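Working notes, beginning with the structure itself.
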Amino acid sequence: MNNSKIKEVIFTANQAWKLLCFDELHSYDNYQISWLQYADRPYYNCIHIHDALAYSELQTAEAYFTERSSLPRVYTHTGTDSEYIKFLKSEGYIELPEEEELWYEFSIENMHAPLALGEFYKKSLSEIDIRKIDTEKDELDYFMKLNQDRNNIPSSLAEKFTEKIRKNSRDKNNSLECFAAFSGDHVISVGTMSCINGLAVLSEGATDTRFSRLGLYSTLLAFRINLAYQRKCRFAYVRCDKEAWSNQGCMKVGFSRFLSRQLWEKRK
C-alpha cells in the first residue's frame, strides 16, 4: 500500500476531526499526535503513524504523553511492517483489539452522475428532509443529542463538541459541515463532512433506532457524497468501529475497504 497516500488520508482525516473534537493536533513528518482533554476513550489521545517510526521519533512522541501523565498509544495499520509490530511489543506495547477501526474509500473521481438517493432509502424520500443544519439554532443541539445517545458520548464531551462546532462554524475557513435527516421536526439521522484538499472526510454518524433498517444511514452517506461530487472532491473516506452496523451501510453505497487500524498502548 502506498505510504504517501496513507499519510495524506490519515493526516487529512485528523484535520477534519480537530474541527469536531480534538483539543490539539500536532503534525510532524512521519506522524501526528492527537489530544483531547478528559477523553473517555483511548483512541482520542494517540500517535498516528503512516510508516514505521524511528526509535528516536517514537521516544519524542511518547514524551508528549508522559508529560501529561497519560499512557502513550500508537495506531498501526494493515500496511505496517511486521518487524515494527515486534518492535512495539518489545517496547511494552499491547494491542487493544476492541479499538480496531475499519476505513472505507469511495472513488468520487470515477462518478459520472450523482447517486440516486431513492436506491438506498426503502420508503418514500418525500417523507424525509435531508439538509445542512443551522449550527446557530437548536438544530445543532438535536444533532448532538442523537450522536450522544447512539455513540455513548458523555454529556460533558457532547456539550464541549457542540460549542466547538458552533465556534468553528463562524470561521470563514471552516470546512466542517453538519447534516441531518428530518422527519417533520425530528432529527432522525446525522453525519458530518469536511472537504479538505480534494478529500471528503465523512463521520460515521448516527441514526435513531426507530428509523433503523430503512436504509437511512446509506442515504445520508450518499447525500454527502453527492455534495462532495459537486465540489470536485476526488475521494471520500469513512472510518467505522469494527463491530458497527455502519460497515454494512458503507458497502451498500459502494465504498471499498481502504485499511484497518490497530491501537497499541504502552503498559511498561
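Letters for chains follow the order of the C-alpha cells (A, B, ...), residue numbers begin at 1 for each chain, and ligand numbers begin at 1 in the order shown.
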For the interface of stretch 171-266 of chain A with stretch 77-98 of chain A (cut-off 12 Å, counting only C-alpha atoms), please tabulate each contacting residue of stretch 171-266 of chain A alongside its nearest pair of atoms and their separation in Å to one decimal, rows sorted by chain and increasing number, as CSV.
residue,atom,partner,partner_atom,distance
A:Asp241,CA,A:Glu98,CA,8.6
A:Lys242,CA,A:Glu98,CA,8.0
A:Glu243,CA,A:Glu98,CA,8.8
A:Ala244,CA,A:Glu98,CA,11.4
A:Arg257,CA,A:Thr78,CA,11.0
A:Phe258,CA,A:Thr78,CA,9.3
A:Leu259,CA,A:Thr78,CA,5.9
A:Ser260,CA,A:His77,CA,5.5
A:Arg261,CA,A:His77,CA,4.1
A:Gln262,CA,A:His77,CA,5.8
A:Leu263,CA,A:Leu96,CA,5.6
A:Trp264,CA,A:Glu95,CA,4.4
A:Glu265,CA,A:Tyr93,CA,5.1
A:Lys266,CA,A:Tyr93,CA,4.1
Please identify all polymer residues within 8 Å of A:Asp23, counting only C-alpha atoms, omitting same-chain residues fewer than 5 positions from it, and present them as a ChimeraX atom specification. /A:18,34-37
Write a file of the selected residues as a PDB file, in the first residue's frame, keeping C-alpha atoms.
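The resulting file, part_5.pdb, is shown below:
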ATOM      1  CA  LYS A  18      -9.834  18.567  15.025  1.00  0.00           C
ATOM      2  CA  SER A  34      -3.983  13.996  18.730  1.00  0.00           C
ATOM      3  CA  TRP A  35      -5.090  15.066  22.201  1.00  0.00           C
ATOM      4  CA  LEU A  36      -8.438  15.643  23.861  1.00  0.00           C
ATOM      5  CA  GLN A  37      -8.568  16.753  27.479  1.00  0.00           C
TER       6      GLN A  37
END
Could I get the residues of stretch 98-140 of chain A with an atom no further than 10 Å from an atom of stretch 193-204 of chain A, each paired with its nearest atom pair and that distance in Å to one decimal, using only C-alpha atoms, sorted by chain and residue number, as JSON lines?
{"residue": "A:Glu105", "atom": "CA", "partner": "A:Val201", "partner_atom": "CA", "distance": 9.7}
{"residue": "A:Phe106", "atom": "CA", "partner": "A:Ala200", "partner_atom": "CA", "distance": 9.4}
{"residue": "A:Ile108", "atom": "CA", "partner": "A:Ala200", "partner_atom": "CA", "distance": 9.3}
{"residue": "A:Glu109", "atom": "CA", "partner": "A:Gly198", "partner_atom": "CA", "distance": 9.9}
A:Phe223: which residues within 8 Å, counting only C-alpha atoms, same-chain residues fewer than 3 positions away excluded, as a PyMOL selection string? chain A and resi 115+117+130+219-220+226-227
Just all heavy atoms for this one: save the residues we selected as a PDB file, in the first residue's frame.
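The new file selection17.pdb reads:
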ATOM      1  N   LEU A 115     -25.388  10.103  -7.128  1.00  0.00           N
ATOM      2  CA  LEU A 115     -26.037   8.862  -6.691  1.00  0.00           C
ATOM      3  C   LEU A 115     -27.532   9.107  -6.514  1.00  0.00           C
ATOM      4  O   LEU A 115     -27.958  10.191  -6.100  1.00  0.00           O
ATOM      5  CB  LEU A 115     -25.441   8.386  -5.360  1.00  0.00           C
ATOM      6  CG  LEU A 115     -23.934   8.081  -5.354  1.00  0.00           C
ATOM      7  CD1 LEU A 115     -23.471   7.724  -3.943  1.00  0.00           C
ATOM      8  CD2 LEU A 115     -23.609   6.943  -6.313  1.00  0.00           C
ATOM      9  N   LEU A 117     -30.587   8.794  -4.481  1.00  0.00           N
ATOM     10  CA  LEU A 117     -30.891   8.534  -3.069  1.00  0.00           C
ATOM     11  C   LEU A 117     -32.024   7.519  -2.912  1.00  0.00           C
ATOM     12  O   LEU A 117     -32.048   6.746  -1.954  1.00  0.00           O
ATOM     13  CB  LEU A 117     -31.254   9.838  -2.354  1.00  0.00           C
ATOM     14  CG  LEU A 117     -30.201  10.958  -2.384  1.00  0.00           C
ATOM     15  CD1 LEU A 117     -30.636  12.089  -1.449  1.00  0.00           C
ATOM     16  CD2 LEU A 117     -28.823  10.449  -1.993  1.00  0.00           C
ATOM     17  N   ILE A 130     -33.452  15.969   4.039  1.00  0.00           N
ATOM     18  CA  ILE A 130     -32.031  15.916   4.373  1.00  0.00           C
ATOM     19  C   ILE A 130     -31.409  17.255   4.008  1.00  0.00           C
ATOM     20  O   ILE A 130     -31.533  17.719   2.874  1.00  0.00           O
ATOM     21  CB  ILE A 130     -31.305  14.789   3.605  1.00  0.00           C
ATOM     22  CG1 ILE A 130     -31.967  13.439   3.880  1.00  0.00           C
ATOM     23  CG2 ILE A 130     -29.843  14.737   4.023  1.00  0.00           C
ATOM     24  CD1 ILE A 130     -31.357  12.293   3.105  1.00  0.00           C
ATOM     25  N   THR A 219     -28.444   6.358   2.872  1.00  0.00           N
ATOM     26  CA  THR A 219     -28.994   7.515   2.159  1.00  0.00           C
ATOM     27  C   THR A 219     -28.265   8.792   2.543  1.00  0.00           C
ATOM     28  O   THR A 219     -27.934   9.624   1.681  1.00  0.00           O
ATOM     29  CB  THR A 219     -30.502   7.669   2.462  1.00  0.00           C
ATOM     30  OG1 THR A 219     -31.162   6.441   2.157  1.00  0.00           O
ATOM     31  CG2 THR A 219     -31.114   8.790   1.640  1.00  0.00           C
ATOM     32  N   LEU A 220     -27.978   8.955   3.836  1.00  0.00           N
ATOM     33  CA  LEU A 220     -27.266  10.148   4.283  1.00  0.00           C
ATOM     34  C   LEU A 220     -25.818  10.135   3.801  1.00  0.00           C
ATOM     35  O   LEU A 220     -25.257  11.190   3.473  1.00  0.00           O
ATOM     36  CB  LEU A 220     -27.334  10.267   5.805  1.00  0.00           C
ATOM     37  CG  LEU A 220     -26.912  11.617   6.403  1.00  0.00           C
ATOM     38  CD1 LEU A 220     -27.760  12.747   5.843  1.00  0.00           C
ATOM     39  CD2 LEU A 220     -27.012  11.597   7.926  1.00  0.00           C
ATOM     40  N   ASN A 226     -22.757  13.065  -2.855  1.00  0.00           N
ATOM     41  CA  ASN A 226     -23.217  13.903  -3.971  1.00  0.00           C
ATOM     42  C   ASN A 226     -22.740  15.345  -3.817  1.00  0.00           C
ATOM     43  O   ASN A 226     -22.378  15.997  -4.806  1.00  0.00           O
ATOM     44  CB  ASN A 226     -24.742  13.859  -4.067  1.00  0.00           C
ATOM     45  CG  ASN A 226     -25.249  12.551  -4.673  1.00  0.00           C
ATOM     46  OD1 ASN A 226     -24.479  11.789  -5.253  1.00  0.00           O
ATOM     47  ND2 ASN A 226     -26.543  12.293  -4.534  1.00  0.00           N
ATOM     48  N   LEU A 227     -22.743  15.851  -2.590  1.00  0.00           N
ATOM     49  CA  LEU A 227     -22.222  17.200  -2.359  1.00  0.00           C
ATOM     50  C   LEU A 227     -20.724  17.257  -2.641  1.00  0.00           C
ATOM     51  O   LEU A 227     -20.230  18.217  -3.236  1.00  0.00           O
ATOM     52  CB  LEU A 227     -22.497  17.635  -0.919  1.00  0.00           C
ATOM     53  CG  LEU A 227     -23.938  18.000  -0.567  1.00  0.00           C
ATOM     54  CD1 LEU A 227     -24.033  18.384   0.909  1.00  0.00           C
ATOM     55  CD2 LEU A 227     -24.435  19.155  -1.428  1.00  0.00           C
TER      56      LEU A 227
END
Run DSSP on the backbone and give me the residues of stretch 45-240 of chain A it puts in alpha helix (DSSP H), as number ranges by chain. A: 55-66, 82-90, 139-151, 155-168, 216-230
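Residues surrounding A:Thr135 within 12 Å are Lys132, Ile133, Lys137, Asp138, Glu139, Leu140, Asp141, Tyr142, Phe143, Met144, Phe161, Thr162, Glu163, Lys164, Ile165, Arg166, Lys167, Asn168, Ser169, Arg170, Leu176, Glu177, Cys178, Phe179 and Ala180 of chain A [only C-alpha atoms; sequence separation below 2 positions excluded].
Considering only C-alpha atoms, the residue among A:Asp40, A:Asp29, A:Glu127, A:Glu8 positioned nearest to A:Pro154 is A:Asp40.
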Please report the interatomic distance between atom CA of A:Ser246 and atom CA of A:Tyr104 in Å with one decimal.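 Distance reported for this atom pair: 10.8 Å.
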Could you name the residues that touch stretch 44-52 of chain A at 8 Å or less, counting only C-alpha atoms, but leaving out those on the same chain fewer than 2 positions away, as a list in words?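 In the requested format, the answer is Asn3, Ser4, Ile6, Lys7, Ile10, Phe22, Asn30, Tyr31, Gln32, Ile33, Ser34, Trp35, Leu36, Ala39, Arg41, Pro42, Ala54, Ala61, Pro72, Arg73, Val74, Tyr75, Thr76, His77, Thr80, Asp81 and Tyr84 of chain A.
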Export of the given selection (N, CA, C and O atoms) as an mmCIF file, in the first residue's frame:
data_model
loop_
_atom_site.group_PDB
_atom_site.id
_atom_site.type_symbol
_atom_site.label_atom_id
_atom_site.label_comp_id
_atom_site.auth_asym_id
_atom_site.auth_seq_id
_atom_site.Cartn_x
_atom_site.Cartn_y
_atom_site.Cartn_z
ATOM 1 N N ASN A 3 2.419 4.418 1.055
ATOM 2 C CA ASN A 3 2.503 5.132 2.331
ATOM 3 C C ASN A 3 2.195 6.616 2.202
ATOM 4 O O ASN A 3 1.675 7.231 3.136
ATOM 5 N N SER A 4 2.531 7.210 1.063
ATOM 6 C CA SER A 4 2.245 8.633 0.884
ATOM 7 C C SER A 4 0.736 8.877 0.847
ATOM 8 O O SER A 4 0.247 9.889 1.381
ATOM 9 N N ILE A 6 -1.526 6.863 2.337
ATOM 10 C CA ILE A 6 -1.994 6.616 3.702
ATOM 11 C C ILE A 6 -1.770 7.856 4.560
ATOM 12 O O ILE A 6 -2.638 8.269 5.333
ATOM 13 N N LYS A 7 -0.602 8.465 4.410
ATOM 14 C CA LYS A 7 -0.298 9.685 5.163
ATOM 15 C C LYS A 7 -1.294 10.784 4.829
ATOM 16 O O LYS A 7 -1.834 11.449 5.728
ATOM 17 N N ILE A 10 -4.840 9.840 6.413
ATOM 18 C CA ILE A 10 -4.876 9.898 7.879
ATOM 19 C C ILE A 10 -4.689 11.325 8.376
ATOM 20 O O ILE A 10 -5.428 11.800 9.252
ATOM 21 N N PHE A 22 -10.895 17.189 18.629
ATOM 22 C CA PHE A 22 -9.561 17.289 19.224
ATOM 23 C C PHE A 22 -9.292 18.684 19.788
ATOM 24 O O PHE A 22 -9.606 19.698 19.158
ATOM 25 N N ASN A 30 6.496 12.313 9.967
ATOM 26 C CA ASN A 30 6.107 10.908 9.904
ATOM 27 C C ASN A 30 4.949 10.530 10.816
ATOM 28 O O ASN A 30 4.546 9.364 10.834
ATOM 29 N N TYR A 31 4.425 11.452 11.582
ATOM 30 C CA TYR A 31 3.335 11.111 12.495
ATOM 31 C C TYR A 31 2.579 12.364 12.937
ATOM 32 O O TYR A 31 3.046 13.496 12.747
ATOM 33 N N GLN A 32 1.411 12.125 13.494
ATOM 34 C CA GLN A 32 0.625 13.168 14.136
ATOM 35 C C GLN A 32 0.296 12.724 15.557
ATOM 36 O O GLN A 32 0.208 11.527 15.844
ATOM 37 N N ILE A 33 0.094 13.699 16.442
ATOM 38 C CA ILE A 33 -0.350 13.428 17.798
ATOM 39 C C ILE A 33 -1.685 14.138 18.000
ATOM 40 O O ILE A 33 -1.799 15.342 17.740
ATOM 41 N N SER A 34 -2.690 13.394 18.414
ATOM 42 C CA SER A 34 -3.983 13.996 18.730
ATOM 43 C C SER A 34 -4.198 13.937 20.236
ATOM 44 O O SER A 34 -3.779 12.996 20.905
ATOM 45 N N TRP A 35 -4.881 14.975 20.754
ATOM 46 C CA TRP A 35 -5.090 15.066 22.201
ATOM 47 C C TRP A 35 -6.440 15.703 22.485
ATOM 48 O O TRP A 35 -6.811 16.701 21.861
ATOM 49 N N LEU A 36 -7.166 15.097 23.390
ATOM 50 C CA LEU A 36 -8.438 15.643 23.861
ATOM 51 C C LEU A 36 -8.454 15.563 25.376
ATOM 52 O O LEU A 36 -8.355 14.472 25.945
ATOM 53 N N ALA A 39 -10.569 12.934 27.775
ATOM 54 C CA ALA A 39 -11.095 11.960 26.815
ATOM 55 C C ALA A 39 -11.568 10.710 27.548
ATOM 56 O O ALA A 39 -10.919 10.239 28.487
ATOM 57 N N ARG A 41 -12.201 7.870 25.830
ATOM 58 C CA ARG A 41 -11.841 6.711 25.017
ATOM 59 C C ARG A 41 -10.392 6.843 24.556
ATOM 60 O O ARG A 41 -9.954 7.938 24.192
ATOM 61 N N PRO A 42 -9.654 5.744 24.540
ATOM 62 C CA PRO A 42 -8.216 5.831 24.270
ATOM 63 C C PRO A 42 -7.855 6.335 22.883
ATOM 64 O O PRO A 42 -6.779 6.894 22.686
ATOM 65 N N ALA A 54 11.179 5.870 13.477
ATOM 66 C CA ALA A 54 12.497 5.602 14.053
ATOM 67 C C ALA A 54 12.371 5.625 15.576
ATOM 68 O O ALA A 54 11.473 6.254 16.127
ATOM 69 N N ALA A 61 7.687 11.299 20.582
ATOM 70 C CA ALA A 61 6.227 11.289 20.634
ATOM 71 C C ALA A 61 5.728 10.796 21.997
ATOM 72 O O ALA A 61 4.775 11.335 22.559
ATOM 73 N N PRO A 72 1.216 6.352 26.548
ATOM 74 C CA PRO A 72 1.405 6.520 25.098
ATOM 75 C C PRO A 72 0.645 5.456 24.321
ATOM 76 O O PRO A 72 0.585 4.295 24.744
ATOM 77 N N ARG A 73 0.059 5.861 23.213
ATOM 78 C CA ARG A 73 -0.656 4.919 22.348
ATOM 79 C C ARG A 73 -0.249 5.179 20.899
ATOM 80 O O ARG A 73 -0.045 6.326 20.495
ATOM 81 N N VAL A 74 -0.184 4.120 20.119
ATOM 82 C CA VAL A 74 0.234 4.225 18.714
ATOM 83 C C VAL A 74 -0.773 3.485 17.847
ATOM 84 O O VAL A 74 -1.142 2.342 18.139
ATOM 85 N N TYR A 75 -1.209 4.148 16.776
ATOM 86 C CA TYR A 75 -2.044 3.484 15.779
ATOM 87 C C TYR A 75 -1.146 2.904 14.691
ATOM 88 O O TYR A 75 -0.371 3.620 14.052
ATOM 89 N N THR A 76 -1.250 1.602 14.469
ATOM 90 C CA THR A 76 -0.643 0.990 13.288
ATOM 91 C C THR A 76 -1.771 0.669 12.311
ATOM 92 O O THR A 76 -2.938 0.903 12.608
ATOM 93 N N HIS A 77 -1.430 0.135 11.147
ATOM 94 C CA HIS A 77 -2.461 -0.189 10.165
ATOM 95 C C HIS A 77 -2.058 -1.433 9.386
ATOM 96 O O HIS A 77 -0.996 -2.025 9.632
ATOM 97 N N THR A 80 1.492 -1.777 8.093
ATOM 98 C CA THR A 80 2.651 -1.640 8.981
ATOM 99 C C THR A 80 3.504 -2.902 8.954
ATOM 100 O O THR A 80 2.992 -4.018 9.051
ATOM 101 N N ASP A 81 4.810 -2.727 8.823
ATOM 102 C CA ASP A 81 5.737 -3.848 8.728
ATOM 103 C C ASP A 81 5.659 -4.726 9.980
ATOM 104 O O ASP A 81 5.608 -4.226 11.110
ATOM 105 N N TYR A 84 8.091 -4.120 12.694
ATOM 106 C CA TYR A 84 7.823 -2.958 13.549
ATOM 107 C C TYR A 84 6.824 -3.316 14.641
ATOM 108 O O TYR A 84 6.903 -2.824 15.759
#
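The shortest atom-to-atom distance to A:Pro114, with only C-alpha atoms taken into account, belongs to A:Gln230 out of A:Gln230, A:Ser218, A:Asn174, A:Ser156.
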Could you pull out the strand (DSSP E or B) residues of stretch 107-266 of chain A from DSSP and send them as a PyMOL selection string? chain A and resi 107+129-132+176-183+186-196+199-202+206-207+235-241+256-266
